[in-house]
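Novice: Sharing coords_10.txt below, compact mmCIF, C-alpha atoms:
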```txt
# COMPACT_ATOMS: atom_id res chain seq x y z
CA MET A 1 -9.89 16.97 7.03
CA LYS A 2 -6.45 17.95 5.71
CA SER A 3 -3.60 15.46 6.12
CA ARG A 4 -1.61 17.53 8.62
CA LEU A 5 -4.69 18.25 10.72
CA LEU A 6 -5.59 14.56 10.65
CA VAL A 7 -2.11 13.55 11.78
CA LYS A 8 -2.24 16.07 14.65
CA ALA A 9 -5.68 14.83 15.66
CA ILE A 10 -4.46 11.23 15.67
CA VAL A 11 -1.41 12.12 17.76
CA VAL A 12 -3.59 13.94 20.30
CA ALA A 13 -6.02 11.00 20.34
CA MET A 14 -3.12 8.61 20.92
CA ILE A 15 -1.86 10.64 23.88
CA PHE A 16 -5.31 10.78 25.48
CA GLY A 17 -5.75 7.06 24.80
CA ILE A 18 -2.47 6.27 26.54
CA VAL A 19 -3.43 8.40 29.55
CA LEU A 20 -6.91 6.89 29.85
CA GLY A 21 -5.69 3.35 29.27
CA GLY A 22 -2.89 3.66 31.82
CA THR A 23 -5.27 5.11 34.41
CA LEU A 24 -7.88 2.38 33.90
CA HIS A 25 -5.25 -0.37 33.95
CA SER A 26 -3.95 0.81 37.32
CA GLN A 27 -7.43 1.19 38.84
CA LEU A 28 -9.34 -1.86 37.56
CA ASP A 29 -9.01 -5.59 38.05
CA ALA A 30 -8.56 -7.88 35.03
CA ALA A 31 -12.26 -8.67 34.57
CA ALA A 32 -13.37 -5.04 34.74
CA ALA A 33 -10.55 -3.98 32.41
CA LYS A 34 -11.69 -6.48 29.76
CA GLU A 35 -15.29 -5.29 30.07
CA ILE A 36 -14.32 -1.62 29.63
CA SER A 37 -12.05 -2.58 26.76
CA GLY A 38 -14.97 -4.27 25.01
CA TYR A 39 -17.02 -1.07 25.14
CA LEU A 40 -14.12 1.00 23.83
CA ASN A 41 -13.65 -1.41 20.95
CA LEU A 42 -17.19 -0.71 19.70
CA VAL A 43 -15.88 2.50 18.09
CA THR A 44 -13.00 0.71 16.44
CA ASP A 45 -15.35 -1.99 15.13
CA VAL A 46 -17.40 0.71 13.40
CA PHE A 47 -14.24 2.17 11.88
CA LEU A 48 -13.22 -1.25 10.56
CA ARG A 49 -16.61 -1.70 8.91
CA LEU A 50 -16.32 1.71 7.24
CA ILE A 51 -12.85 0.88 5.92
CA LYS A 52 -14.06 -2.43 4.49
CA MET A 53 -17.03 -0.64 2.90
CA VAL A 54 -14.79 1.19 0.39
CA ILE A 55 -12.55 -1.73 -0.59
CA ALA A 56 -14.43 -3.34 -3.49
CA PRO A 57 -15.43 -0.26 -5.54
CA LEU A 58 -12.09 1.39 -4.89
CA VAL A 59 -9.96 -1.54 -6.08
CA LEU A 60 -12.19 -2.11 -9.12
CA ALA A 61 -12.17 1.52 -10.27
CA THR A 62 -8.49 2.29 -9.70
CA LEU A 63 -7.11 -0.96 -11.09
CA VAL A 64 -9.26 -1.02 -14.25
CA THR A 65 -8.39 2.57 -15.13
CA GLY A 66 -4.71 1.91 -14.40
CA VAL A 67 -4.56 -1.11 -16.70
CA ALA A 68 -6.62 0.63 -19.41
CA SER A 69 -4.16 3.54 -19.45
CA MET A 70 -1.46 1.21 -20.73
CA SER A 71 -2.82 1.12 -24.30
CA GLY A 72 -0.67 2.73 -26.97
CA ASN A 73 1.79 2.08 -29.76
CA GLY A 74 4.55 -0.49 -29.84
CA SER A 75 7.08 1.78 -28.16
CA MET A 76 4.77 2.43 -25.21
CA GLY A 77 4.08 -1.28 -25.05
CA ARG A 78 7.79 -1.93 -24.56
CA ILE A 79 8.02 0.86 -22.00
CA GLY A 80 4.99 -0.58 -20.20
CA PHE A 81 6.58 -4.04 -20.11
CA LYS A 82 9.78 -2.63 -18.61
CA ALA A 83 7.81 -0.62 -16.09
CA ILE A 84 5.74 -3.59 -14.94
CA THR A 85 8.87 -5.75 -14.71
CA TRP A 86 10.56 -3.11 -12.53
CA PHE A 87 7.45 -2.76 -10.36
CA LEU A 88 7.10 -6.51 -9.78
CA VAL A 89 10.76 -6.97 -8.87
CA ALA A 90 10.67 -3.94 -6.55
CA SER A 91 7.48 -5.23 -4.90
CA LEU A 92 8.98 -8.66 -4.29
CA VAL A 93 12.13 -7.13 -2.80
CA SER A 94 10.08 -4.79 -0.58
CA LEU A 95 7.83 -7.58 0.67
CA SER A 96 10.83 -9.81 1.33
CA ILE A 97 12.53 -7.11 3.41
CA GLY A 98 9.37 -6.65 5.46
CA LEU A 99 9.11 -10.38 6.15
CA LEU A 100 12.83 -10.67 6.87
CA PHE A 101 12.90 -7.84 9.41
CA ALA A 102 9.76 -9.12 11.13
CA ASN A 103 11.38 -12.55 11.46
CA ILE A 104 14.65 -11.09 12.73
CA PHE A 105 13.24 -8.63 15.28
CA GLN A 106 9.90 -10.38 16.01
CA PRO A 107 8.25 -7.11 17.12
CA GLY A 108 4.96 -8.69 18.20
CA VAL A 109 6.33 -11.57 20.25
CA GLY A 110 5.36 -11.39 23.90
CA LEU A 111 2.19 -9.34 23.51
CA ASN A 112 0.02 -12.46 23.88
CA LEU A 113 -3.12 -10.71 22.68
CA THR A 114 -6.54 -12.33 22.45
CA VAL A 115 -9.79 -11.70 20.57
CA ASN A 116 -12.94 -11.58 22.72
CA GLY A 117 -11.04 -13.09 25.59
CA GLU A 118 -9.90 -16.18 23.67
CA ALA A 119 -6.46 -16.79 22.27
CA VAL A 120 -6.16 -16.98 18.49
CA SER A 121 -4.11 -20.03 17.65
CA THR A 122 -5.57 -21.63 14.56
CA GLY A 123 -5.52 -18.82 11.98
CA LEU A 124 -2.96 -20.12 9.50
CA ASN A 125 -2.87 -23.73 10.64
CA THR A 126 -6.15 -24.60 8.95
CA SER A 127 -6.88 -25.67 5.41
CA GLY A 128 -8.44 -22.28 4.72
CA PHE A 129 -5.13 -20.89 3.53
CA SER A 130 -3.69 -23.83 1.61
CA LEU A 131 -2.38 -23.43 -1.94
CA PRO A 132 -5.32 -25.26 -3.63
CA ILE A 133 -7.89 -23.19 -1.74
CA PHE A 134 -5.93 -20.04 -2.51
CA LEU A 135 -5.87 -20.80 -6.24
CA THR A 136 -9.57 -21.68 -6.43
CA HIS A 137 -10.43 -18.42 -4.71
CA VAL A 138 -8.42 -16.36 -7.17
CA PHE A 139 -10.88 -16.67 -10.05
CA PRO A 140 -14.40 -15.26 -9.54
CA ARG A 141 -17.65 -16.96 -10.47
CA SER A 142 -19.35 -13.56 -10.38
CA ILE A 143 -17.92 -10.08 -9.95
CA ILE A 144 -21.07 -9.10 -8.05
CA GLU A 145 -20.53 -11.95 -5.61
CA ALA A 146 -16.84 -11.06 -5.27
CA MET A 147 -17.64 -7.43 -4.50
CA GLY A 148 -20.41 -8.40 -2.10
CA THR A 149 -18.05 -10.57 -0.06
CA ASN A 150 -14.97 -8.36 -0.48
CA GLU A 151 -12.98 -11.12 -2.22
CA VAL A 152 -10.22 -8.75 -3.29
CA LEU A 153 -8.17 -11.29 -5.23
CA GLN A 154 -11.19 -12.08 -7.39
CA ILE A 155 -11.88 -8.38 -7.92
CA VAL A 156 -8.26 -7.89 -8.97
CA VAL A 157 -8.43 -10.74 -11.51
CA PHE A 158 -11.66 -9.40 -13.02
CA SER A 159 -10.19 -5.87 -13.11
CA LEU A 160 -7.10 -7.09 -14.97
CA PHE A 161 -9.22 -8.80 -17.63
CA PHE A 162 -11.62 -5.87 -17.88
CA GLY A 163 -8.88 -3.25 -17.95
CA SER A 164 -6.94 -5.17 -20.61
CA ALA A 165 -10.05 -5.36 -22.76
CA LEU A 166 -10.60 -1.61 -22.40
CA ALA A 167 -6.97 -0.99 -23.35
CA PHE A 168 -7.45 -3.13 -26.47
CA VAL A 169 -10.58 -1.23 -27.50
CA LYS A 170 -8.82 2.10 -26.99
CA GLY A 171 -5.81 0.84 -28.92
CA ARG A 172 -7.98 0.20 -31.98
CA GLY A 173 -8.53 3.93 -32.37
CA LYS A 174 -11.92 4.20 -30.72
CA GLY A 175 -10.71 6.98 -28.45
CA LYS A 176 -11.31 7.25 -24.73
CA SER A 177 -14.05 4.92 -23.58
CA ILE A 178 -17.03 6.27 -21.67
CA ILE A 179 -16.54 3.31 -19.32
CA VAL A 180 -13.07 4.59 -18.45
CA ASP A 181 -14.53 8.05 -17.76
CA MET A 182 -17.17 6.53 -15.48
CA LEU A 183 -14.64 4.44 -13.58
CA GLU A 184 -12.33 7.43 -13.16
CA GLU A 185 -15.24 9.36 -11.67
CA LEU A 186 -16.03 6.38 -9.42
CA ALA A 187 -12.41 6.32 -8.27
CA ASN A 188 -12.55 10.04 -7.45
CA VAL A 189 -15.77 9.54 -5.51
CA MET A 190 -14.29 6.64 -3.55
CA PHE A 191 -11.20 8.71 -2.74
CA ARG A 192 -13.55 11.28 -1.20
CA VAL A 193 -15.50 8.60 0.66
CA THR A 194 -12.23 7.29 2.07
CA ASP A 195 -11.42 10.82 3.25
CA TYR A 196 -14.77 10.93 5.03
CA VAL A 197 -14.10 7.57 6.67
CA MET A 198 -10.76 8.87 7.94
CA TYR A 199 -12.62 11.52 9.92
CA VAL A 200 -13.42 8.71 12.34
CA ALA A 201 -9.76 7.67 12.60
CA PRO A 202 -8.79 9.88 15.60
CA LEU A 203 -11.71 8.55 17.62
CA ALA A 204 -10.87 5.00 16.54
CA VAL A 205 -7.21 5.52 17.53
CA PHE A 206 -8.25 6.86 20.94
CA SER A 207 -10.52 3.88 21.54
CA ALA A 208 -8.05 1.30 20.20
CA ILE A 209 -5.04 2.47 22.21
CA ALA A 210 -7.11 3.02 25.36
CA ALA A 211 -8.67 -0.45 25.07
CA THR A 212 -5.32 -2.15 24.52
CA ILE A 213 -3.47 -0.38 27.34
CA THR A 214 -6.42 -0.84 29.72
CA VAL A 215 -5.91 -4.59 29.44
CA HIS A 216 -2.15 -4.88 28.85
CA GLY A 217 -0.63 -1.82 30.53
CA LEU A 218 1.85 0.85 29.48
CA GLU A 219 4.49 -1.66 28.35
CA MET A 220 2.62 -1.63 25.03
CA VAL A 221 4.04 1.88 24.40
CA VAL A 222 7.60 0.53 24.60
CA THR A 223 6.69 -2.29 22.23
CA PHE A 224 5.25 0.12 19.66
CA GLY A 225 8.31 2.37 19.92
CA LYS A 226 10.63 -0.54 19.14
CA MET A 227 8.41 -1.60 16.25
CA VAL A 228 8.53 1.86 14.67
CA GLY A 229 12.34 1.93 14.94
CA GLN A 230 12.65 -1.51 13.37
CA PHE A 231 10.35 -0.51 10.52
CA TYR A 232 12.38 2.60 9.70
CA LEU A 233 15.57 0.55 9.74
CA GLY A 234 13.98 -1.70 7.12
CA LEU A 235 13.06 1.38 5.07
CA ALA A 236 16.71 2.49 5.19
CA ILE A 237 17.78 -0.85 3.73
CA LEU A 238 15.09 -0.57 1.05
CA TRP A 239 16.23 2.95 0.10
CA SER A 240 19.79 1.67 -0.22
CA LEU A 241 18.72 -1.08 -2.62
CA ILE A 242 16.61 1.31 -4.72
CA THR A 243 19.55 3.72 -4.85
CA LEU A 244 21.88 0.92 -5.93
CA ALA A 245 19.49 -0.10 -8.72
CA GLY A 246 19.26 3.53 -9.83
CA TYR A 247 23.03 3.91 -9.81
CA MET A 248 23.47 0.79 -11.95
CA ALA A 249 21.15 2.30 -14.58
CA LEU A 250 21.93 6.01 -14.30
CA GLY A 251 25.49 6.08 -13.02
CA PRO A 252 26.66 9.33 -11.37
CA ARG A 253 23.48 11.09 -12.55
CA ILE A 254 21.72 9.48 -9.60
CA LYS A 255 23.03 12.42 -7.54
CA ASP A 256 21.18 14.86 -9.80
CA LEU A 257 18.02 12.81 -9.38
CA PHE A 258 18.32 12.99 -5.59
CA LYS A 259 18.70 16.76 -5.78
CA HIS A 260 15.55 17.14 -7.89
CA MET A 261 13.55 14.58 -5.86
CA ARG A 262 14.34 16.11 -2.48
CA GLU A 263 11.37 18.47 -2.43
CA PRO A 264 8.66 15.94 -3.48
CA ILE A 265 10.05 13.44 -0.97
CA LEU A 266 9.85 15.99 1.84
CA ILE A 267 6.29 16.89 0.80
CA ALA A 268 5.32 13.21 0.81
CA PHE A 269 6.90 12.66 4.24
CA SER A 270 5.38 15.74 5.88
CA THR A 271 1.88 15.28 4.45
CA ALA A 272 1.84 11.44 4.25
CA SER A 273 0.26 11.91 0.82
CA SER A 274 1.81 10.73 -2.42
CA GLU A 275 -0.81 12.72 -4.34
CA ALA A 276 0.38 15.95 -2.71
CA ALA A 277 3.87 15.25 -4.01
CA TYR A 278 2.77 14.29 -7.53
CA PRO A 279 3.07 17.73 -9.22
CA LYS A 280 6.54 18.26 -7.78
CA THR A 281 7.57 14.75 -8.81
CA ILE A 282 6.54 15.45 -12.41
CA ALA A 283 8.53 18.69 -12.30
CA ALA A 284 11.51 16.82 -10.86
CA MET A 285 11.42 14.35 -13.74
CA ASP A 286 11.37 17.22 -16.25
CA LYS A 287 14.35 18.92 -14.57
CA PHE A 288 16.23 15.63 -14.52
CA GLY A 289 15.70 15.26 -18.26
CA ALA A 290 13.51 12.16 -18.37
CA ASN A 291 11.45 11.70 -21.52
CA LYS A 292 8.22 13.64 -20.88
CA ARG A 293 6.12 11.21 -22.90
CA VAL A 294 7.47 8.30 -20.90
CA SER A 295 7.22 10.12 -17.55
CA SER A 296 3.57 10.98 -18.13
CA PHE A 297 2.90 7.28 -18.67
CA VAL A 298 5.20 5.57 -16.16
CA LEU A 299 4.73 7.85 -13.14
CA PRO A 300 0.91 7.51 -12.88
CA LEU A 301 1.32 3.78 -13.50
CA GLY A 302 3.89 3.65 -10.71
CA TYR A 303 1.48 5.38 -8.34
CA SER A 304 -0.82 2.38 -8.75
CA PHE A 305 1.66 -0.46 -9.07
CA ASN A 306 5.00 0.62 -7.54
CA LEU A 307 4.34 0.88 -3.80
CA ASP A 308 7.73 -0.01 -2.36
CA GLY A 309 7.18 1.47 1.09
CA SER A 310 3.60 0.23 1.40
CA MET A 311 4.60 -3.29 0.35
CA MET A 312 7.27 -3.53 3.02
CA TYR A 313 4.88 -2.05 5.57
CA GLN A 314 2.15 -4.57 4.83
CA ALA A 315 4.43 -7.59 5.10
CA PHE A 316 6.00 -6.27 8.31
CA ILE A 317 2.65 -5.49 9.93
CA VAL A 318 1.05 -8.81 8.94
CA MET A 319 3.89 -10.61 10.71
CA PHE A 320 3.62 -8.25 13.69
CA ILE A 321 -0.10 -9.05 14.05
CA ALA A 322 0.50 -12.80 13.73
CA GLN A 323 3.20 -12.66 16.40
CA ALA A 324 1.04 -10.52 18.70
CA TYR A 325 -1.71 -13.16 18.61
CA ASN A 326 0.75 -16.09 18.85
CA ILE A 327 -0.16 -17.39 15.40
CA GLU A 328 2.53 -19.57 13.90
CA MET A 329 3.74 -18.49 10.45
CA THR A 330 5.63 -21.21 8.63
CA VAL A 331 7.79 -20.51 5.59
CA SER A 332 5.04 -21.72 3.24
CA HIS A 333 2.51 -19.46 4.95
CA GLN A 334 4.84 -16.49 4.60
CA VAL A 335 5.30 -17.20 0.90
CA MET A 336 1.52 -17.22 0.51
CA VAL A 337 1.32 -13.92 2.42
CA LEU A 338 3.90 -12.46 0.05
CA LEU A 339 1.99 -13.57 -3.05
CA THR A 340 -1.36 -12.41 -1.65
CA LEU A 341 -0.07 -8.94 -0.79
CA LEU A 342 1.67 -8.72 -4.16
CA VAL A 343 -1.71 -9.09 -5.87
CA ILE A 344 -4.18 -7.28 -3.64
CA SER A 345 -2.06 -4.18 -2.98
CA LYS A 346 -2.21 -2.82 -6.52
CA GLY A 347 -4.31 0.23 -7.25
CA THR A 348 -4.66 1.95 -3.87
CA ALA A 349 -1.67 4.29 -3.83
CA GLY A 350 -3.77 7.44 -4.19
CA VAL A 351 -6.00 6.52 -1.28
CA ALA A 352 -5.54 8.10 2.11
CA ARG A 353 -4.21 5.32 4.36
CA GLY A 354 -4.40 2.98 1.35
CA ALA A 355 -2.17 0.43 3.08
CA LEU A 356 -4.79 0.13 5.83
CA VAL A 357 -7.40 -0.64 3.18
CA VAL A 358 -5.19 -3.44 1.83
CA LEU A 359 -4.62 -4.85 5.32
CA ALA A 360 -8.35 -4.74 6.10
CA ALA A 361 -8.96 -6.79 2.97
CA GLY A 362 -6.02 -9.15 3.43
CA LEU A 363 -6.16 -10.12 7.11
CA PRO A 364 -9.28 -12.32 6.85
CA MET A 365 -7.85 -14.02 3.74
CA MET A 366 -4.73 -14.90 5.72
CA GLY A 367 -6.63 -16.23 8.71
CA LEU A 368 -5.58 -13.33 10.93
CA PRO A 369 -7.97 -11.43 13.24
CA GLU A 370 -9.27 -8.15 11.84
CA ALA A 371 -8.85 -6.69 15.32
CA GLY A 372 -5.12 -6.78 14.63
CA LEU A 373 -5.60 -3.76 12.40
CA LEU A 374 -6.51 -1.76 15.49
CA LEU A 375 -3.12 -2.46 17.03
CA ILE A 376 -1.27 -0.25 14.59
CA LEU A 377 -3.81 2.56 14.19
CA ALA A 378 -2.16 4.60 16.92
CA VAL A 379 1.30 4.58 15.33
CA ASP A 380 0.18 4.35 11.70
CA PRO A 381 0.61 8.10 11.04
CA ILE A 382 4.31 7.78 11.93
CA LEU A 383 4.69 4.69 9.75
CA ASP A 384 2.65 6.31 6.99
CA MET A 385 5.07 9.21 6.58
CA GLY A 386 7.99 6.86 6.00
CA ARG A 387 6.22 4.49 3.65
CA THR A 388 4.71 7.34 1.60
CA ALA A 389 8.08 9.03 1.14
CA THR A 390 9.48 5.66 0.08
CA ASN A 391 6.67 5.19 -2.43
CA VAL A 392 7.44 8.56 -4.03
CA PHE A 393 11.19 7.91 -4.02
CA GLY A 394 10.73 4.49 -5.61
CA CYS A 395 8.41 5.87 -8.29
CA GLY A 396 10.85 8.69 -9.04
CA VAL A 397 13.82 6.36 -9.50
CA ALA A 398 11.77 3.94 -11.62
CA THR A 399 10.49 6.76 -13.84
CA ALA A 400 13.99 8.24 -14.28
CA VAL A 401 15.48 4.86 -15.22
CA ILE A 402 12.69 3.88 -17.60
CA GLY A 403 12.52 7.44 -18.98
CA ARG A 404 16.21 7.22 -19.81
CA HIS A 405 15.56 4.09 -21.85
CA GLY A 406 12.55 5.84 -23.34
CA ASN A 407 14.83 8.53 -24.70
CA GLU A 408 17.01 5.87 -26.29
CA HIS A 409 14.01 4.15 -27.91
CA GLU A 410 12.67 7.44 -29.22
CA GLU A 411 16.04 8.34 -30.77
CA VAL A 412 16.28 4.96 -32.49
CA GLU A 413 12.71 5.14 -33.81
CA THR A 414 13.29 8.70 -35.06
CA ALA A 415 16.38 7.55 -36.93
CA ILE A 416 14.50 4.62 -38.46
CA ASP A 417 11.64 6.87 -39.52
CA ALA A 418 14.11 9.27 -41.11
CA GLU A 419 15.68 6.44 -43.11
CA LYS A 420 12.27 5.26 -44.33
CA SER A 421 11.13 8.75 -45.31
CA PRO A 422 11.48 9.59 -49.04
CA GLN A 423 14.40 11.90 -49.79
CA VAL A 424 13.49 15.24 -51.30
CA VAL A 425 15.70 16.02 -54.32
```
So that I can check it, write out the structure of this file as structure tokens.

Specialist:
Amino acid sequence: MKSRLLVKAIVVAMIFGIVLGGTLHSQLDAAAAKEISGYLNLVTDVFLRLIKMVIAPLVLATLVTGVASMSGNGSMGRIGFKAITWFLVASLVSLSIGLLFANIFQPGVGLNLTVNGEAVSTGLNTSGFSLPIFLTHVFPRSIIEAMGTNEVLQIVVFSLFFGSALAFVKGRGKGKSIIVDMLEELANVMFRVTDYVMYVAPLAVFSAIAATITVHGLEMVVTFGKMVGQFYLGLAILWSLITLAGYMALGPRIKDLFKHMREPILIAFSTASSEAAYPKTIAAMDKFGANKRVSSFVLPLGYSFNLDGSMMYQAFIVMFIAQAYNIEMTVSHQVMVLLTLLVISKGTAGVARGALVVLAAGLPMMGLPEAGLLLILAVDPILDMGRTATNVFGCGVATAVIGRHGNEHEEVETAIDAEKSPQVV
């Protein structure tokens, strides 16, 4: 199903879900409404299982191939270090903005949602999310066990080691590894599987919104509308900070970058697909004058590791879900959420609704109910357009800045090589 058709189907499903939910809420008593809601949630439970099914192979394949692509000479090593530094700082800033705005606006407060009729009040107040337990769960005893239980942090750690080892082997002149080829094919297959899973999304959205409004009434629509507005305000702040960072590095040329990036950003926003905007983003970097060798390295890397919009989205939505279920989030818990999302979010940028995949993996780790994911399915297409455009914008600015430094490095190395070359008399 194409992205635009999927978005239209989800919007139609949301409208029908609102109508059905509002009708049932007005006609049924509380007990009957909860019973009907339980039947409607069967569809959404199936969708959640399908989403979780793709997590382990997808993260493993995309992250290993992304890390392995970083092999190269000393110059590319320096470029890679700068790129990763930029990506980490941008991710931390994005996550912090998401947490800050959720704390300021508290979009989920007052919903008072329950799971299976019982309030959720112990999620993050248990020892299951303490720092020692978190650290011991980072390192896997077995990658098979980690994949079988969807321990994403452990899969990420293994993938980093494995991908680094592949990069080392490639760097010794052995050429492209057959393992890398296999994992790239696995990633492509899992992208397609994720597309198939998203076929169920409109039905899941219909069931989720109808079930929620059947129990809680049409005031939920107002709550979601406010949440969307608050999220886009946060994106505006994030864009301002990315622009400021770009201006500090590029100066007035940042205006030229905006002009060239306008088309890929519009494509990303309208299709909610960063992959659809990728060819135009490469062309925009060429028109801007970024080093082609650097752009071809940094931009794909950014698509896996520089997810500014998705990072802010995940932090904001995690807090929204916690507030909706009246789960207390202390400062230490929020710091742990930030670190967890920083790690598990890498490698899913090319996946349709990749942020949903990350949330499906992260919610149980944070002690939050998986049913919270269903809350945002109805409005996720609207949020997805904004976060995808932000991802593309952030990758474009990062590539332009690092590509500018890449030009400088290349000029210096060319001059050094010329000095070392024997003079012809």

Novice: Nearest residue to Ser207 (chain A) out of A:Ala400, A:Ile265, A:Ile10, A:Ala277, using only C-alpha atoms?

Specialist: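 Closest to Ser207 (chain A), using only C-alpha atoms: A:Ile10.
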
Novice: Give me, please, the distance in Å between CA of Met319 (chain A) and CA of Gly217 (chain A), quoted to one decimal.

Specialist: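 For CA of Met319 (chain A) relative to CA of Gly217 (chain A), the distance reads 22.1 Å.
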
Novice: Compare A:Tyr325, A:Phe224, A:Phe139, A:Phe288 by their minimum atom-to-atom distance to Val157 (chain A), counting all atoms listed in the file, and give me the closest one.

Specialist: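 Checking each of A:Tyr325, A:Phe224, A:Phe139, A:Phe288 against Val157 (chain A), counting all atoms listed in the file, the winner is A:Phe139.
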
Novice: Would you pick out the contacts of Met312 (chain A) at 9 Å or less, using all atoms listed in the file, so that residues sharing its chain but fewer than 6 positions from it are not included, and give the list as a PDB file with C-alpha atoms, keeping the file's coordinate frame?

Specialist:
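Below is the file that was written, out_28.pdb:
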```pdb
ATOM      1  CA  SER A  91       7.480  -5.230  -4.900  1.00  0.00           C
ATOM      2  CA  VAL A  93      12.130  -7.130  -2.800  1.00  0.00           C
ATOM      3  CA  SER A  94      10.080  -4.790  -0.580  1.00  0.00           C
ATOM      4  CA  LEU A  95       7.830  -7.580   0.670  1.00  0.00           C
ATOM      5  CA  SER A  96      10.830  -9.810   1.330  1.00  0.00           C
ATOM      6  CA  ILE A  97      12.530  -7.110   3.410  1.00  0.00           C
ATOM      7  CA  GLY A  98       9.370  -6.650   5.460  1.00  0.00           C
ATOM      8  CA  LEU A  99       9.110 -10.380   6.150  1.00  0.00           C
ATOM      9  CA  PHE A 231      10.350  -0.510  10.520  1.00  0.00           C
ATOM     10  CA  GLY A 234      13.980  -1.700   7.120  1.00  0.00           C
ATOM     11  CA  LEU A 235      13.060   1.380   5.070  1.00  0.00           C
ATOM     12  CA  LEU A 238      15.090  -0.570   1.050  1.00  0.00           C
ATOM     13  CA  ARG A 387       6.220   4.490   3.650  1.00  0.00           C
TER      14      ARG A 387
END
```

Novice: So how many Å separate CA of Ile402 (chain A) and CA of Phe297 (chain A), to one decimal?

Specialist: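 CA of Ile402 (chain A) sits 10.4 Å away from CA of Phe297 (chain A).
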